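Coordinates from structure_34.pdb are shown below (PDB, C-alpha atoms, pLDDT in the B column).
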```pdb
ATOM      1  CA  MET A   7     204.064 208.623  -6.956  1.00 53.00           C
ATOM      2  CA  PRO A   8     202.073 205.876  -8.610  1.00 60.00           C
ATOM      3  CA  GLY A   9     204.209 203.362 -10.459  1.00 64.00           C
ATOM      4  CA  ALA A  10     207.524 204.553  -9.029  1.00 61.00           C
ATOM      5  CA  VAL A  11     209.722 201.953  -7.326  1.00 65.00           C
ATOM      6  CA  GLY A  12     212.904 201.957  -5.270  1.00 75.00           C
ATOM      7  CA  ASP A  13     215.194 204.942  -5.737  1.00 75.00           C
ATOM      8  CA  GLY A  14     212.809 206.365  -8.329  1.00 81.00           C
ATOM      9  CA  ARG A  15     210.115 206.630  -5.666  1.00 84.00           C
ATOM     10  CA  ASN A  16     212.516 208.483  -3.355  1.00 86.00           C
ATOM     11  CA  VAL A  17     213.518 210.954  -6.059  1.00 87.00           C
ATOM     12  CA  ALA A  18     209.913 211.460  -7.157  1.00 88.00           C
ATOM     13  CA  GLY A  19     208.897 212.130  -3.552  1.00 88.00           C
ATOM     14  CA  LEU A  20     211.690 214.668  -3.115  1.00 87.00           C
ATOM     15  CA  TYR A  21     210.767 216.450  -6.354  1.00 91.00           C
ATOM     16  CA  GLY A  22     207.170 216.592  -5.159  1.00 92.00           C
ATOM     17  CA  ALA A  23     208.262 218.076  -1.814  1.00 92.00           C
ATOM     18  CA  VAL A  24     210.437 220.678  -3.562  1.00 92.00           C
ATOM     19  CA  ALA A  25     207.524 221.625  -5.822  1.00 94.00           C
ATOM     20  CA  ALA A  26     205.253 221.999  -2.781  1.00 94.00           C
ATOM     21  CA  ASP A  27     207.853 224.196  -1.044  1.00 93.00           C
ATOM     22  CA  LEU A  28     208.104 226.404  -4.115  1.00 92.00           C
ATOM     23  CA  ARG A  29     204.306 226.727  -4.274  1.00 94.00           C
ATOM     24  CA  THR A  30     203.736 227.367  -0.553  1.00 94.00           C
ATOM     25  CA  GLY A  31     207.039 228.899   0.589  1.00 90.00           C
ATOM     26  CA  GLU A  32     207.132 226.507   3.569  1.00 90.00           C
ATOM     27  CA  GLY A  33     210.759 225.346   3.314  1.00 86.00           C
ATOM     28  CA  ARG A  34     210.288 221.757   4.489  1.00 86.00           C
ATOM     29  CA  VAL A  35     212.990 220.443   2.123  1.00 87.00           C
ATOM     30  CA  PRO A  36     216.660 221.009   3.055  1.00 85.00           C
ATOM     31  CA  ASP A  37     218.176 223.945   1.194  1.00 86.00           C
ATOM     32  CA  PHE A  38     221.709 224.925   0.187  1.00 89.00           C
ATOM     33  CA  ALA A  39     222.367 226.728   3.494  1.00 89.00           C
ATOM     34  CA  ARG A  40     221.450 223.615   5.480  1.00 90.00           C
ATOM     35  CA  GLY A  41     223.726 221.530   3.254  1.00 91.00           C
ATOM     36  CA  LEU A  42     226.564 223.993   3.772  1.00 93.00           C
ATOM     37  CA  ARG A  43     226.176 223.798   7.567  1.00 93.00           C
ATOM     38  CA  LEU A  44     226.115 219.998   7.427  1.00 94.00           C
ATOM     39  CA  HIS A  45     229.309 219.911   5.369  1.00 94.00           C
ATOM     40  CA  GLY A  46     230.967 222.251   7.890  1.00 94.00           C
ATOM     41  CA  LEU A  47     230.040 219.830  10.666  1.00 94.00           C
ATOM     42  CA  LEU A  48     231.331 216.862   8.670  1.00 95.00           C
ATOM     43  CA  ASP A  49     234.609 218.714   8.005  1.00 95.00           C
ATOM     44  CA  ALA A  50     235.035 219.346  11.748  1.00 95.00           C
ATOM     45  CA  ILE A  51     234.404 215.652  12.464  1.00 96.00           C
ATOM     46  CA  ARG A  52     236.959 214.653   9.823  1.00 96.00           C
ATOM     47  CA  ARG A  53     239.573 217.065  11.240  1.00 95.00           C
ATOM     48  CA  SER A  54     238.956 215.719  14.723  1.00 96.00           C
ATOM     49  CA  ALA A  55     239.434 212.147  13.545  1.00 97.00           C
ATOM     50  CA  GLU A  56     242.617 213.048  11.658  1.00 97.00           C
ATOM     51  CA  THR A  57     244.209 215.072  14.458  1.00 97.00           C
ATOM     52  CA  GLY A  58     242.778 213.373  17.535  1.00 97.00           C
ATOM     53  CA  THR A  59     241.863 216.781  18.932  1.00 97.00           C
ATOM     54  CA  ARG A  60     238.572 218.482  19.681  1.00 95.00           C
ATOM     55  CA  GLN A  61     237.451 220.789  16.911  1.00 95.00           C
ATOM     56  CA  THR A  62     235.144 223.751  17.102  1.00 90.00           C
ATOM     57  CA  PHE A  63     232.151 224.118  14.884  1.00 88.00           C
ATOM     58  CA  ALA A  64     230.208 227.354  14.664  1.00 87.00           C
ATOM     59  CA  PRO A  65     227.298 226.967  12.257  1.00 79.00           C
ATOM     60  CA  ALA A  66     226.621 230.108  10.267  1.00 69.00           C
TER      61      ALA A  66
END
```

Can you give me the file's structure in the form of structure tokens?
Amino acid sequence: MPGAVGDGRNVAGLYGAVAADLRTGEGRVPDFARGLRLHGLLDAIRRSAETGTRQTFAPA
């Protein structure tokens, strides 16, 4: 994005990628389902660190 700097450039690039995904249907930008799976993994890591035991993680 011409003229964008720093964080603004990152956000502008992401908005552009989302717009392209919406136009083409490609799905190159992470979606809600991917975010949900990532948070499930992070929760399992946190539980493991808190309990000192191995945790299972079954992504949906």

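Coordinates place atom CA of Arg40 of chain A at a distance of 23.3 Å from atom CA of Arg15 of chain A.
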
Handout entry: All residues 9 Å or closer to Gly46 of chain A, all atoms listed in the file, same chain fewer than 4 positions away omitted, as a ChimeraX atom specification
Key = /A:41-42,50-51,63-65

Practice task
Take atom CA of Ala25 of chain A and atom CA of Leu48 of chain A and report the distance between them in Å, one decimal.
Solution key: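 Atom-to-atom, atom CA of Ala25 of chain A to atom CA of Leu48 of chain A, that is 28.3 Å.
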
Practice task
Counting all atoms listed in the file, figure out which residue out of A:Ala55, A:Asp37, A:Gln61, A:Asp49 gets nearest to Val24 of chain A.
Solution key: A:Asp37

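Pairwise distance (atom CA of Phe38 of chain A, atom CA of Ala23 of chain A) equals 15.2 Å.
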
All heavy atoms restored at segment 47-58 of chain A, emitted as a short mmCIF file (atom, residue, chain, number, x, y, z; two decimals), in the frame of the given file:
```cif
data_model
loop_
_atom_site.label_atom_id
_atom_site.label_comp_id
_atom_site.auth_asym_id
_atom_site.auth_seq_id
_atom_site.Cartn_x
_atom_site.Cartn_y
_atom_site.Cartn_z
N LEU A 47 230.00 220.77 9.55
CA LEU A 47 230.04 219.83 10.67
C LEU A 47 230.84 218.58 10.30
O LEU A 47 231.69 218.11 11.08
CB LEU A 47 228.62 219.45 11.08
CG LEU A 47 228.50 218.37 12.14
CD1 LEU A 47 229.17 218.80 13.44
CD2 LEU A 47 227.04 218.03 12.37
N LEU A 48 230.59 218.05 9.11
CA LEU A 48 231.33 216.86 8.67
C LEU A 48 232.83 217.15 8.54
O LEU A 48 233.66 216.29 8.89
CB LEU A 48 230.77 216.35 7.34
CG LEU A 48 229.35 215.80 7.41
CD1 LEU A 48 228.84 215.48 6.01
CD2 LEU A 48 229.27 214.59 8.31
N ASP A 49 233.19 218.34 8.08
CA ASP A 49 234.61 218.71 8.01
C ASP A 49 235.24 218.76 9.39
O ASP A 49 236.38 218.31 9.58
CB ASP A 49 234.78 220.07 7.32
CG ASP A 49 234.56 219.99 5.82
OD1 ASP A 49 234.61 218.88 5.25
OD2 ASP A 49 234.34 221.06 5.21
N ALA A 50 234.51 219.30 10.38
CA ALA A 50 235.04 219.35 11.75
C ALA A 50 235.21 217.93 12.30
O ALA A 50 236.20 217.64 12.98
CB ALA A 50 234.10 220.16 12.64
N ILE A 51 234.29 217.05 12.01
CA ILE A 51 234.40 215.65 12.46
C ILE A 51 235.62 214.99 11.82
O ILE A 51 236.39 214.29 12.49
CB ILE A 51 233.11 214.88 12.14
CG1 ILE A 51 231.96 215.40 13.00
CG2 ILE A 51 233.31 213.38 12.32
CD1 ILE A 51 230.60 214.90 12.59
N ARG A 52 235.81 215.23 10.52
CA ARG A 52 236.96 214.65 9.82
C ARG A 52 238.27 215.17 10.41
O ARG A 52 239.20 214.40 10.68
CB ARG A 52 236.89 214.98 8.32
CG ARG A 52 238.06 214.41 7.52
CD ARG A 52 238.08 214.91 6.08
NE ARG A 52 237.88 216.35 5.96
CZ ARG A 52 238.84 217.27 6.20
NH1 ARG A 52 240.03 216.90 6.60
NH2 ARG A 52 238.57 218.56 6.05
N ARG A 53 238.36 216.49 10.65
CA ARG A 53 239.57 217.06 11.24
C ARG A 53 239.84 216.47 12.62
O ARG A 53 240.99 216.18 12.97
CB ARG A 53 239.45 218.58 11.34
CG ARG A 53 239.64 219.31 10.04
CD ARG A 53 239.81 220.81 10.24
NE ARG A 53 238.79 221.41 11.08
CZ ARG A 53 237.61 221.89 10.66
NH1 ARG A 53 237.32 221.84 9.37
NH2 ARG A 53 236.76 222.43 11.50
N SER A 54 238.80 216.29 13.40
CA SER A 54 238.96 215.72 14.72
C SER A 54 239.50 214.30 14.64
O SER A 54 240.40 213.92 15.40
CB SER A 54 237.62 215.72 15.46
OG SER A 54 237.75 215.16 16.74
N ALA A 55 238.96 213.52 13.70
CA ALA A 55 239.43 212.15 13.54
C ALA A 55 240.88 212.10 13.07
O ALA A 55 241.66 211.25 13.50
CB ALA A 55 238.54 211.41 12.55
N GLU A 56 241.26 213.03 12.18
CA GLU A 56 242.62 213.05 11.66
C GLU A 56 243.63 213.51 12.69
O GLU A 56 244.76 213.02 12.73
CB GLU A 56 242.70 213.96 10.44
CG GLU A 56 242.02 213.40 9.20
CD GLU A 56 242.00 214.38 8.05
OE1 GLU A 56 242.33 215.58 8.25
OE2 GLU A 56 241.64 213.97 6.94
N THR A 57 243.26 214.48 13.52
CA THR A 57 244.21 215.07 14.46
C THR A 57 244.11 214.50 15.86
O THR A 57 245.03 214.65 16.66
CB THR A 57 244.01 216.59 14.55
OG1 THR A 57 242.72 216.86 15.10
CG2 THR A 57 244.16 217.25 13.18
N GLY A 58 242.98 213.88 16.18
CA GLY A 58 242.78 213.37 17.54
C GLY A 58 242.50 214.48 18.54
O GLY A 58 242.61 214.27 19.74
#
```
